[in-house]
Each structure stands twice: as C-alpha cells, then as structure tokens.
Amino acid sequence: MNKQLNRLAIFAVALLTVLVVATTYWQTWAAGGLEARQDNSIQVVAQFQIARGFLLGDNGTTKFAVNQAKRVAGETLFFRRYPEHGLAAQTIGYSTSSHSQTGLEESLNDYLTGANTNLSNAFQRTLDKLGGATVHGNNVVLTINPGAQALAQKLLGDNCGAVVAMDPRTGAMKVMASSPTFDPNLVDKRGGYAQILKIKGACGGQGSALLNRTTDGLFTPGSTFKMVTAAAALDSGAFTPTSTFNDPGYCMEYGKKVLNSGNPDQTSPESFGNVTLAQGFQHSINSVFCNVGKKIGAVTILDYAKRFGFYSTPPLETPANQRVPSGLYKNNKLFNPRHPDQEVDPGRLAFGQFSMVATPLQMLMVGATIANGGVVPRPYLVQRVVGHNGSTVISAHPGDLGRAIKTQTAAELTQMMVSVVQGGTGTAAQIPGIQVAGKTGTAETGFGHYYTAWFVCFAPANNPRVAVAVVLEKQLNGFGGRVSAPIAKAVMEKLLHG
Amino acid sequence: MTLTYRNRELIYLVLVGLITACGFGAVYITRQAQISGASLTYALFFFGLYLVAHVVARLTVPYADPYLLPIAGVLTAIGLTEIYRLGPSNAFKQGVWIVIGVAVFSLALLALRRDYRLLENYKYLFGLSAIGLLFMPLLPGIGQTVNGARLWVHAGGLQFQPGELGKIALIVFLTAYLREKREVLAQGRVKDWGPLLVIWGGAMLVLFVTYDLGSALLYYGIFLALLYAATARLSFIVVALGLFLAGSAAIYDGTPHVRERVTNWLHPWTTKTVYCALTGKPALRQDCGSYQEVQSLYSIAHGHFGGTGLGDGVFAATNGHPLIPDLSTDFIYSALAQELGLIGVSALLLVYMVFVLRGFRVSIFAGDGFSKLLAAGLTFGFALQTFVIVGGILRVIPLTGITLPFVSYGGSSVVSNFLIVAGLMLVSNRANRENET
C-alpha cells in the first residue's frame, strides 16, 4: 500500500505547491494590474491614510484644501475639506472616495502625498511607515491670490464666464476664476455630486460648474484677437501704427461687403473715413483689420497666433484633461489648415471670427506677452512645495515660452492698447493714477443680441505687474467694454494695491 | 544523546510560544491605540494551553510524532493573531474554542490510548453519523443558510458546522470499510460496491441540497484518495472522477447558485453591467456577485512581497465598513496575504506541507491497513481542505466557503482539526512504539 501512499503524498504536496505558485502570481505578476483598477477600494483607502499636504494661497496662510482626521474602524483616515468652498474650485479640484480626484488635487497628488521621489523624503516616509506614524505629504503654496480670486468670483456672480490674471513678468497665475463654481465639500456628501451637476449659472448646461472655463472653455475671441492681428501686421513690417486706411463702413472680401455694423464692439459712427491702424485698434474697426488680414494673409496671422501659444496646450500644473489648445476649430476638433490661404477667410480671421476660438488663459497670454516686452511668459500655479518639517522641497523657476514679437512691436502695441482705455472702447477700465492698457472684444454668439464679452488688459502700462483677461458668456447686449472691463479693472486694482 | 519524541516536541512548542508572543507583540505595537496591553497575556495563555496538551501527550502517546502538535500550535497561533487583529472579541471566542479543541484532543488521546483500532468495530455507526451530521443543517429550525449554502447549525447562540465533524466520521467509516473490503473491491465484485456508491450518491445529494460545492469536493476527494490507496486501481479513480464531473455538470445546469459560483470564478470582472441577483438590478459583476472574490484578490495583491506588516493592512472602507465580508472565516488567507506578504503566506503554506508530509510519514510507517488508511485519510482531507479554500480564493478553482484548517475563525473547524492531530498522534505512537521495541 505504501506505493499508493507515496503517490498520494506527492499529489497532496503538489496541490499545496499550486497554492504557492498562485499566490506568487497574484502578489507579484498580477499585483500591479490589480492595484491600477478603478474599483480597488484598498488603494482608495490607502490614499486616505496619508495626511495630504495643504493647498495654500500665495500668502501662505489661506488654505484651499486641508485635512479632517477621522477614526474609521480603528484607522485614522484623512478626509479633505475645502475651507474656501467654491474658490478656484475647478482648479483646486477635489480628492474624494466617491469621485476620485480632479484638478490640482489630482495632478499634484505625488507632492501632496509625499510620494515625490526625493531621497530624504522617501527615507522619512519609510521610517514613518515602519514606526506606524502617519505619513505626511508636502504642502503646496500656490500662486493664486485669494483676495483677488474671491473678488473675481464675486464680480462674475451668476454669469457664466472666467477671470484669469497673472504676473506677466513671471507667468505666476494670480486668479483662476471660473463661473459658475461649486463647493468641493459637497462631492462626497450624499446626493452632493448630483446637486453640483445641476448647477447651471446664467448660461445653462449640465455639469457647467465642473468645467474649468479658464483653461478648458473655448470662446470666440472677437476683437481681442486684433491684438494678434496687429502684432502680426506690425512685427512682419507690413504696417506701422500710422499706416492709414479708408473706412467706408465695410471691407470688400470675395466681392462681398463685410460690414462694420455687424460689430457690436466698435464705437460709433459706423464709418470712420480715413484712419490710422492705431485708431482702427482704438475703436476696434473691423474693416481696418479686414484689410490688414487681406494684406498679410491667414498664414502670417496663424503663424503669429502660434507664436503666442495658439495650437499648443498651455503648460500648467493642472491635469492635462483640463487644458485645451486655442485655434481654429472644425467639428469640435482643432483645425490646422494645410493651405490657410485657400481654406481660411483672412479678413474675418483678422477680427477674431471665422471659427477661431480661444481659452481665457490663451488670451491672457497674448496680453501678458505684450506686457512682457514680446516674450511669452510660461504660466504656472505652484510657487513652492514645502515639506511637513517646513523645509522647501521645490521652488518655482519662472520661465518663458520664447519670444513672439520684437520688443519694439510690443511697445507699439502697448501704446495702442493704452489708447483703447484712454479714449477708445475700453474706457471703463481706467484706474486713476495708473496707466492701463487693454483691448475689448464682443463676439457674436449666433443667438440674437447675446454676445461673448471680453476684456484683456495689463497695468501699469510702462512697467506691467499684472495682466488680466475676463470673458463673460451669453451677455444680452453686453459688450466687452461695458461689462467685462469693470471686472478686469477691479481685479487689477486688487492685485496692484492689495 | 538523542532527545525523546516528547522532549523534541517541548522544544518546538517553546519556539511556537515565542513566535506567538512576537505576533501578538506586533499587533499590539501597530494597534495599541485600539487594544489594551492585557492582550499580550494571550500568548502566555496560549503557551500554557499547549503545555497541557503536551503533558497529556507525554502521558498517553509518548512515541507519537513530535511535529504534529507544534504545527497545530503554530497554525492556531497565526490564526488567532490575525483574528485578534481583525476583531479582538472574535479572538476571545476562538480562544475558548481552542480550549475546547485541546480538551477534545486530550479526551481522544486518553480514551483511545490503548487501542484506537477498536473504532473499526463501529464503522457503520460512523457512516450513519457522517450522513446525519451532513444533513443536520437541513433540519428546519436549527439549520441556517449562509451565503447561499446551508452549512450551519444554530442552536442556543452557538453556531456549528456539523459537516466538519461529519468529515472525520466519514474518514473513519471509509477507512474501516475499505480495510475490510479492499481485496474484493480490487477484484471488482459488483455487490461490494453498494456502500461506496451510497457514499457517492450522498456526496452528490449534499451538493444538490446544500449547494455546498466545497464540501462535496472535499468528501468525494477523500473518498477517491482512500479508494486509490486501498485498491491501487487508478481505473476506479478515473471512472469515479468521471461520475463526479457528470453529476456536477448536471447540478451546474440545474442550480443557479452553483452556476453563479462558476461564472464568478471564470469572469469576476465585467466591463458592462450584468443582472445582479442580490439586488435584482443591473450592476458590474465585481460590484455584485464576485465582489468578495475581487476584493479578496485586491487584498492579496496589496501585500506584495513583504506584506504591510501585522496590523497595518487595509480591511475597512473609508466609511468604516469591512471591505471583505467573512474575512476572519473563509477569507482569512486574504488577510494574511496582505499583512504577511508573499514571504509570510508562502511560509504558512510550507507549514501546511510539513504537516501533510508528516501525516503521510505516519501513514507509511504504520503497521496495519486500518492505521495506514486512517492516517492517510485524515492527512489527505487536511491537505485537500486547504487546497479547496485557498485555491478558491486564488481563483485556481471556483470559490466555496470552507475553513482554512486551524487558522480560520470557527469552532467546529478547530475541534475537528484537533481530532485529526489526535488521530495521527495515536497512529504514530503505535507505529513508533512497535518499531522501537
């Protein structure tokens, strides 16, 4: 019988060996795949065992995101709280158990959980873990100015729209306001997320509050695009600010009249007669820019637009799915024409119509580039990353995205933009004692007298410290100079005077 | 000087006591916020308990294999530590069951120390009680359905899985019967197959009425192993396996519960929603039928190579609800795999292997057919049970809820496993004594 018993013993041990092999498979080979799965609750819980770093305003004291420790089943778990509620909510994002992560909470997760690969950091983390102590993440000090951010959101009110502001010298983003906004504290509450989805603002639309309009909202730039056209006209040497035009009230294109009267942004009268390029810019005369466009061509305009950052996703620390490139769009897709001269109407492109759309951040970058002497500042949101022990882990290194236009061109454009605020379409942005440079835009939406109202500006004009872009959607008879310029002015004042 | 069997056992038990103390110490350090220092006395109490078992063995079975009791000790210690980590109140109950287990173990040794082979005389009594115990959960009033399978008896606040004891009774019956009939069975006389076919039918019936695929597999596996050991006829095994598969296939078609288990095993994850029988609404299968299996795999994967460490595993969701139901009973292996890692659970499986090899060694060295078959049956049952539950967790076979011997939380399991140890020690005591004298 012993022969059979021996075989049985081998069979029994073989069964147990299968278990060792299977365990090895799940704990080594398959482990990575299992951990990456969305429904892996252990990974979710493990995230909550880390005391995430705070997200702080540029003053280092305003807290956008903090932790609330809770004892759950004998474990200390750290849940996120957002003391500033809806302030910059789309940019800050949220970190929750029910709806994962978005915004900076998602993209800065490695810093906030202390998982960033810094040797001393990793060492400390391992020690913490072995000692059973709580693992602390790093705090992140953002460039956002809480005061200006709050003011921008208050002024946006119920409107759908966005306000963005940066320091044009560095690219530090000071305001990232998108309206309507939501309270991230609601996301994990019962029924809270459904409530957020219902927020519509004045423009309507499901999930409107979750959209980060500053970098993910595409709007027809209208006359603010004339900054780009004018930059191309001057920088290419085709025109000077004093080049003269005759404005009969329209511009002839393809044998048809393109009427000024369609342009709500332009100050009356409807035909100006003989004007210079600078005057055309000051009063936002479409026919002037239509002629400029015809002369320099769509290729040059698009080329200059690209130099300002159009057609590429702007760099920023927010998740990539929150940022879209600006440019011509066809069927909701970025459209890069192979033969712009045949495919693009240069006259209409010149004054920012013809399927040209831009994000508020992109238009801000145009303004900030002019303010910065022609060099495109690289926008950023993270000022510094501070370890739990107070030591600075990383500091921002402001950089640029290359030169778009000559210093001379930038100076001429600045002058033209100053005249817009002094005696053109943007007088509502005047700040006593400070020279403001700006450009209005009022784009048709195709819905009657509803317009997309823009204002892009910077100040002080001779030594710019702040650049602002404001866009308001679906404004009934609301023109950029009338509704957006006052908001931009208030935000600039707040940032300049504190 | 060579050490006597019992002195070696004592040394091993001291080592087990140290391991237990380390385990409880580790849990205490990581979770001191939740548990009191008094819990450290568990290790001491535990050691004392095994010392009692050791003394009983010294008096009754001095020649018995010295590895079996310490291995039972280390397995119960690992189980108790993890159960304690998961829920201190369960650990207390488990402690009580271990006391009962040691008591039953001691009684069995005392009662059968002269000659356990008298059990042979009562084989039909064992056979009948095996069937009785198996069907006990079906009795109205005391039977209870857990996770779709009727395995439990509930009486006076005590839960008991009679199938665990039924398994031992069945092994004794099969051993005695096969010892007597093995020659004629090997010749293939049809009329002697009667009682064995009854067993096959019984297992199928159990499967059919209790939906307990795991137990059916276990009983039938033990039956086949003993049949093979007794008759050395592989052809029987092939035929019997074929019968089992045919029976299972028929049951698979006829019972939704078994079908669901198999589906959960083959396709635990879905990307589209499927009908969820629990709620009656569509849901992803990993959120419904296979939730337990999938979460258990996540738990295992989270352990990686070295584990999170005792006490540092993640077993509760952010709202405090347990992530894996039945963690300390059926799924204790998933908990151990997360906290001890691949190193830890591989070591655990090696301990099982050592036990199984010692058990077969006892069987091979035993002098008579009854002893050989008894030791082999008890050992193979032990190995197969380990395979069925851990293999189910690891998706090697469809998952069925049975206990991991000595480690899972559960009284009936602990008691029946102590009976296995007692049986093996009785057999080895006799064999070693005969060999030495």
# chains A, B, ... in the order shown; residues from 1 in each chain; ligands from 1

call {"tool": "interface_residues", "arguments": {"of": "chain B", "to": "chain A", "cutoff": "6 Å", "atoms": "only C-alpha atoms", "output": "PDB file with N, CA and C atoms, in the first residue's frame"}}
result
ATOM      1  N   ALA B 229      -5.752   4.388  -2.460  1.00  0.00           N
ATOM      2  CA  ALA B 229      -4.754   3.832  -1.543  1.00  0.00           C
ATOM      3  C   ALA B 229      -5.078   2.377  -1.231  1.00  0.00           C
ATOM      4  N   ALA B 301      -3.101  41.203  -3.449  1.00  0.00           N
ATOM      5  CA  ALA B 301      -2.158  41.965  -4.276  1.00  0.00           C
ATOM      6  C   ALA B 301      -1.503  43.080  -3.466  1.00  0.00           C
ATOM      7  N   HIS B 304       1.899  42.396  -1.685  1.00  0.00           N
ATOM      8  CA  HIS B 304       3.157  42.300  -2.434  1.00  0.00           C
ATOM      9  C   HIS B 304       4.089  41.269  -1.808  1.00  0.00           C
ATOM     10  N   THR B 318     -13.487  53.572   3.518  1.00  0.00           N
ATOM     11  CA  THR B 318     -13.371  54.883   4.157  1.00  0.00           C
ATOM     12  C   THR B 318     -14.577  55.197   5.033  1.00  0.00           C
ATOM     13  N   GLY B 320     -15.713  52.906   7.041  1.00  0.00           N
ATOM     14  CA  GLY B 320     -15.578  52.018   8.186  1.00  0.00           C
ATOM     15  C   GLY B 320     -16.166  50.634   7.985  1.00  0.00           C
ATOM     16  N   SER B 346       3.755  32.183   1.995  1.00  0.00           N
ATOM     17  CA  SER B 346       4.466  31.021   1.452  1.00  0.00           C
ATOM     18  C   SER B 346       4.979  30.176   2.605  1.00  0.00           C
ATOM     19  N   ILE B 364       2.704   5.840   6.272  1.00  0.00           N
ATOM     20  CA  ILE B 364       3.598   4.872   5.638  1.00  0.00           C
ATOM     21  C   ILE B 364       4.273   3.981   6.678  1.00  0.00           C
TER      22      ILE B 364
END

call {"tool": "select_by_dssp", "arguments": {"residues": "segment 336-392 of chain A", "states": "helix (DSSP H, G or I)", "output": "list in words"}}
result
Pro340, Asp341, Gln342, Glu343, Pro346, Gly347, Arg348, Leu349, Ala350, Pro360, Leu361, Gln362, Met363, Leu364, Met365, Val366, Gly367, Ala368, Thr369, Ile370 and Ala371 of chain A

call {"tool": "residues_around", "arguments": {"residues": "segment 238-249 of chain B", "least_positions_apart": "3", "cutoff": "8 Å", "atoms": "only C-alpha atoms", "output": "list in words"}}
result
Met204, Leu224, Leu234, Ser235, Tyr252 and Asp253 of chain B

call {"tool": "closest_residue", "arguments": {"among": "B:Leu217, B:Leu197, B:Ile300, B:Leu118", "to": "Leu342 of chain B", "atoms": "only C-alpha atoms"}}
result
B:Ile300

call {"tool": "atom_distance", "arguments": {"atom1": "atom CA of Ala320 of chain A", "atom2": "atom CA of Leu211 of chain A"}}
result
13.3 Å

call {"tool": "atom_distance", "arguments": {"atom1": "atom CA of Val491 of chain A", "atom2": "atom CA of Asn139 of chain A"}}
result
26.8 Å

call {"tool": "closest_residue", "arguments": {"among": "A:Ala305, A:Val393, A:Met365, A:Ile434", "to": "Pro379 of chain A", "atoms": "only C-alpha atoms"}}
result
A:Met365

call {"tool": "decode", "arguments": {"residues": "segment 378-426 of chain A", "atoms": "N, CA and C atoms", "output": "PDB file, in the first residue's frame"}}
result
ATOM      1  N   ARG A 378       5.697  81.741 -19.260  1.00  0.00           N
ATOM      2  CA  ARG A 378       5.148  80.387 -19.055  1.00  0.00           C
ATOM      3  C   ARG A 378       4.277  80.403 -17.798  1.00  0.00           C
ATOM      4  N   PRO A 379       2.957  80.182 -17.966  1.00  0.00           N
ATOM      5  CA  PRO A 379       2.080  80.251 -16.799  1.00  0.00           C
ATOM      6  C   PRO A 379       2.354  79.111 -15.824  1.00  0.00           C
ATOM      7  N   TYR A 380       2.281  79.407 -14.533  1.00  0.00           N
ATOM      8  CA  TYR A 380       2.446  78.347 -13.523  1.00  0.00           C
ATOM      9  C   TYR A 380       1.616  78.657 -12.301  1.00  0.00           C
ATOM     10  N   LEU A 381       1.340  77.628 -11.539  1.00  0.00           N
ATOM     11  CA  LEU A 381       0.470  77.745 -10.363  1.00  0.00           C
ATOM     12  C   LEU A 381       1.155  77.376  -9.055  1.00  0.00           C
ATOM     13  N   VAL A 382       2.256  76.629  -9.151  1.00  0.00           N
ATOM     14  CA  VAL A 382       2.912  76.168  -7.919  1.00  0.00           C
ATOM     15  C   VAL A 382       4.083  77.091  -7.608  1.00  0.00           C
ATOM     16  N   GLN A 383       3.961  77.845  -6.505  1.00  0.00           N
ATOM     17  CA  GLN A 383       5.044  78.744  -6.108  1.00  0.00           C
ATOM     18  C   GLN A 383       6.147  77.948  -5.444  1.00  0.00           C
ATOM     19  N   ARG A 384       5.771  77.113  -4.453  1.00  0.00           N
ATOM     20  CA  ARG A 384       6.771  76.227  -3.854  1.00  0.00           C
ATOM     21  C   ARG A 384       6.096  75.059  -3.148  1.00  0.00           C
ATOM     22  N   VAL A 385       6.887  74.005  -2.992  1.00  0.00           N
ATOM     23  CA  VAL A 385       6.428  72.812  -2.286  1.00  0.00           C
ATOM     24  C   VAL A 385       7.201  72.757  -0.985  1.00  0.00           C
ATOM     25  N   VAL A 386       6.468  72.670   0.129  1.00  0.00           N
ATOM     26  CA  VAL A 386       7.093  72.733   1.445  1.00  0.00           C
ATOM     27  C   VAL A 386       6.873  71.416   2.174  1.00  0.00           C
ATOM     28  N   GLY A 387       7.957  70.857   2.672  1.00  0.00           N
ATOM     29  CA  GLY A 387       7.856  69.590   3.404  1.00  0.00           C
ATOM     30  C   GLY A 387       7.109  69.745   4.715  1.00  0.00           C
ATOM     31  N   HIS A 388       6.727  68.636   5.315  1.00  0.00           N
ATOM     32  CA  HIS A 388       5.992  68.682   6.579  1.00  0.00           C
ATOM     33  C   HIS A 388       6.817  69.366   7.665  1.00  0.00           C
ATOM     34  N   ASN A 389       8.136  69.255   7.568  1.00  0.00           N
ATOM     35  CA  ASN A 389       9.013  69.874   8.572  1.00  0.00           C
ATOM     36  C   ASN A 389       9.305  71.342   8.260  1.00  0.00           C
ATOM     37  N   GLY A 390       8.700  71.870   7.212  1.00  0.00           N
ATOM     38  CA  GLY A 390       8.860  73.292   6.905  1.00  0.00           C
ATOM     39  C   GLY A 390       9.931  73.590   5.878  1.00  0.00           C
ATOM     40  N   SER A 391      10.730  72.605   5.502  1.00  0.00           N
ATOM     41  CA  SER A 391      11.785  72.873   4.523  1.00  0.00           C
ATOM     42  C   SER A 391      11.195  72.952   3.114  1.00  0.00           C
ATOM     43  N   THR A 392      11.746  73.833   2.307  1.00  0.00           N
ATOM     44  CA  THR A 392      11.263  73.963   0.944  1.00  0.00           C
ATOM     45  C   THR A 392      11.809  72.823   0.092  1.00  0.00           C
ATOM     46  N   VAL A 393      10.907  72.079  -0.521  1.00  0.00           N
ATOM     47  CA  VAL A 393      11.313  70.938  -1.339  1.00  0.00           C
ATOM     48  C   VAL A 393      11.599  71.405  -2.761  1.00  0.00           C
ATOM     49  N   ILE A 394      10.707  72.232  -3.275  1.00  0.00           N
ATOM     50  CA  ILE A 394      10.837  72.714  -4.642  1.00  0.00           C
ATOM     51  C   ILE A 394      10.374  74.162  -4.687  1.00  0.00           C
ATOM     52  N   SER A 395      11.096  75.005  -5.424  1.00  0.00           N
ATOM     53  CA  SER A 395      10.646  76.376  -5.660  1.00  0.00           C
ATOM     54  C   SER A 395      10.380  76.558  -7.147  1.00  0.00           C
ATOM     55  N   ALA A 396       9.437  77.436  -7.447  1.00  0.00           N
ATOM     56  CA  ALA A 396       9.120  77.678  -8.850  1.00  0.00           C
ATOM     57  C   ALA A 396      10.299  78.334  -9.562  1.00  0.00           C
ATOM     58  N   HIS A 397      10.554  77.909 -10.780  1.00  0.00           N
ATOM     59  CA  HIS A 397      11.545  78.569 -11.632  1.00  0.00           C
ATOM     60  C   HIS A 397      10.805  79.181 -12.800  1.00  0.00           C
ATOM     61  N   PRO A 398      10.426  80.453 -12.686  1.00  0.00           N
ATOM     62  CA  PRO A 398       9.671  81.054 -13.790  1.00  0.00           C
ATOM     63  C   PRO A 398      10.480  80.955 -15.080  1.00  0.00           C
ATOM     64  N   GLY A 399       9.782  80.672 -16.157  1.00  0.00           N
ATOM     65  CA  GLY A 399      10.460  80.574 -17.440  1.00  0.00           C
ATOM     66  C   GLY A 399       9.586  81.194 -18.508  1.00  0.00           C
ATOM     67  N   ASP A 400      10.003  81.095 -19.750  1.00  0.00           N
ATOM     68  CA  ASP A 400       9.172  81.651 -20.803  1.00  0.00           C
ATOM     69  C   ASP A 400       9.020  80.639 -21.917  1.00  0.00           C
ATOM     70  N   LEU A 401       8.132  80.948 -22.821  1.00  0.00           N
ATOM     71  CA  LEU A 401       7.849  80.058 -23.945  1.00  0.00           C
ATOM     72  C   LEU A 401       8.407  80.640 -25.239  1.00  0.00           C
ATOM     73  N   GLY A 402       9.437  81.474 -25.115  1.00  0.00           N
ATOM     74  CA  GLY A 402      10.069  82.035 -26.315  1.00  0.00           C
ATOM     75  C   GLY A 402       9.510  83.412 -26.666  1.00  0.00           C
ATOM     76  N   ARG A 403      10.196  84.038 -27.589  1.00  0.00           N
ATOM     77  CA  ARG A 403       9.781  85.382 -27.993  1.00  0.00           C
ATOM     78  C   ARG A 403       8.751  85.270 -29.112  1.00  0.00           C
ATOM     79  N   ALA A 404       7.658  86.027 -28.976  1.00  0.00           N
ATOM     80  CA  ALA A 404       6.615  86.020 -30.001  1.00  0.00           C
ATOM     81  C   ALA A 404       6.803  87.189 -30.956  1.00  0.00           C
ATOM     82  N   ILE A 405       7.118  88.351 -30.406  1.00  0.00           N
ATOM     83  CA  ILE A 405       7.259  89.571 -31.214  1.00  0.00           C
ATOM     84  C   ILE A 405       8.437  90.391 -30.704  1.00  0.00           C
ATOM     85  N   LYS A 406       8.882  91.343 -31.536  1.00  0.00           N
ATOM     86  CA  LYS A 406      10.015  92.186 -31.157  1.00  0.00           C
ATOM     87  C   LYS A 406       9.618  93.122 -30.011  1.00  0.00           C
ATOM     88  N   THR A 407      10.603  93.552 -29.231  1.00  0.00           N
ATOM     89  CA  THR A 407      10.356  94.486 -28.136  1.00  0.00           C
ATOM     90  C   THR A 407       9.667  95.741 -28.670  1.00  0.00           C
ATOM     91  N   GLN A 408      10.140  96.193 -29.820  1.00  0.00           N
ATOM     92  CA  GLN A 408       9.591  97.388 -30.458  1.00  0.00           C
ATOM     93  C   GLN A 408       8.102  97.204 -30.757  1.00  0.00           C
ATOM     94  N   THR A 409       7.753  96.055 -31.317  1.00  0.00           N
ATOM     95  CA  THR A 409       6.350  95.753 -31.634  1.00  0.00           C
ATOM     96  C   THR A 409       5.508  95.775 -30.368  1.00  0.00           C
ATOM     97  N   ALA A 410       6.069  95.150 -29.306  1.00  0.00           N
ATOM     98  CA  ALA A 410       5.341  95.092 -28.042  1.00  0.00           C
ATOM     99  C   ALA A 410       5.083  96.507 -27.522  1.00  0.00           C
ATOM    100  N   ALA A 411       6.092  97.380 -27.656  1.00  0.00           N
ATOM    101  CA  ALA A 411       5.933  98.750 -27.168  1.00  0.00           C
ATOM    102  C   ALA A 411       4.846  99.468 -27.965  1.00  0.00           C
ATOM    103  N   GLU A 412       4.848  99.297 -29.292  1.00  0.00           N
ATOM    104  CA  GLU A 412       3.830  99.942 -30.129  1.00  0.00           C
ATOM    105  C   GLU A 412       2.435  99.434 -29.776  1.00  0.00           C
ATOM    106  N   LEU A 413       2.326  98.107 -29.574  1.00  0.00           N
ATOM    107  CA  LEU A 413       1.024  97.529 -29.225  1.00  0.00           C
ATOM    108  C   LEU A 413       0.553  98.055 -27.881  1.00  0.00           C
ATOM    109  N   THR A 414       1.509  98.154 -26.929  1.00  0.00           N
ATOM    110  CA  THR A 414       1.151  98.685 -25.612  1.00  0.00           C
ATOM    111  C   THR A 414       0.540 100.075 -25.762  1.00  0.00           C
ATOM    112  N   GLN A 415       1.197 100.895 -26.582  1.00  0.00           N
ATOM    113  CA  GLN A 415       0.709 102.251 -26.791  1.00  0.00           C
ATOM    114  C   GLN A 415      -0.701 102.238 -27.354  1.00  0.00           C
ATOM    115  N   MET A 416      -0.923 101.376 -28.340  1.00  0.00           N
ATOM    116  CA  MET A 416      -2.252 101.270 -28.944  1.00  0.00           C
ATOM    117  C   MET A 416      -3.281 100.809 -27.918  1.00  0.00           C
ATOM    118  N   MET A 417      -2.869  99.873 -27.038  1.00  0.00           N
ATOM    119  CA  MET A 417      -3.795  99.356 -26.028  1.00  0.00           C
ATOM    120  C   MET A 417      -4.088 100.413 -24.963  1.00  0.00           C
ATOM    121  N   VAL A 418      -3.074 101.264 -24.676  1.00  0.00           N
ATOM    122  CA  VAL A 418      -3.313 102.358 -23.720  1.00  0.00           C
ATOM    123  C   VAL A 418      -4.385 103.289 -24.278  1.00  0.00           C
ATOM    124  N   SER A 419      -4.302 103.562 -25.591  1.00  0.00           N
ATOM    125  CA  SER A 419      -5.272 104.482 -26.191  1.00  0.00           C
ATOM    126  C   SER A 419      -6.691 103.901 -26.169  1.00  0.00           C
ATOM    127  N   VAL A 420      -6.788 102.566 -26.186  1.00  0.00           N
ATOM    128  CA  VAL A 420      -8.110 101.918 -26.097  1.00  0.00           C
ATOM    129  C   VAL A 420      -8.780 102.298 -24.781  1.00  0.00           C
ATOM    130  N   VAL A 421      -7.958 102.270 -23.685  1.00  0.00           N
ATOM    131  CA  VAL A 421      -8.516 102.550 -22.354  1.00  0.00           C
ATOM    132  C   VAL A 421      -8.691 104.055 -22.156  1.00  0.00           C
ATOM    133  N   GLN A 422      -7.758 104.817 -22.767  1.00  0.00           N
ATOM    134  CA  GLN A 422      -7.838 106.266 -22.564  1.00  0.00           C
ATOM    135  C   GLN A 422      -8.999 106.893 -23.317  1.00  0.00           C
ATOM    136  N   GLY A 423      -9.226 106.434 -24.568  1.00  0.00           N
ATOM    137  CA  GLY A 423     -10.277 107.114 -25.321  1.00  0.00           C
ATOM    138  C   GLY A 423     -10.919 106.232 -26.369  1.00  0.00           C
ATOM    139  N   GLY A 424     -10.878 104.944 -26.173  1.00  0.00           N
ATOM    140  CA  GLY A 424     -11.457 104.038 -27.154  1.00  0.00           C
ATOM    141  C   GLY A 424     -12.593 103.222 -26.573  1.00  0.00           C
ATOM    142  N   THR A 425     -12.577 101.915 -26.869  1.00  0.00           N
ATOM    143  CA  THR A 425     -13.692 101.062 -26.451  1.00  0.00           C
ATOM    144  C   THR A 425     -13.580 100.612 -25.001  1.00  0.00           C
ATOM    145  N   GLY A 426     -12.408 100.846 -24.358  1.00  0.00           N
ATOM    146  CA  GLY A 426     -12.209 100.268 -23.026  1.00  0.00           C
ATOM    147  C   GLY A 426     -12.063 101.269 -21.908  1.00  0.00           C
TER     148      GLY A 426
END
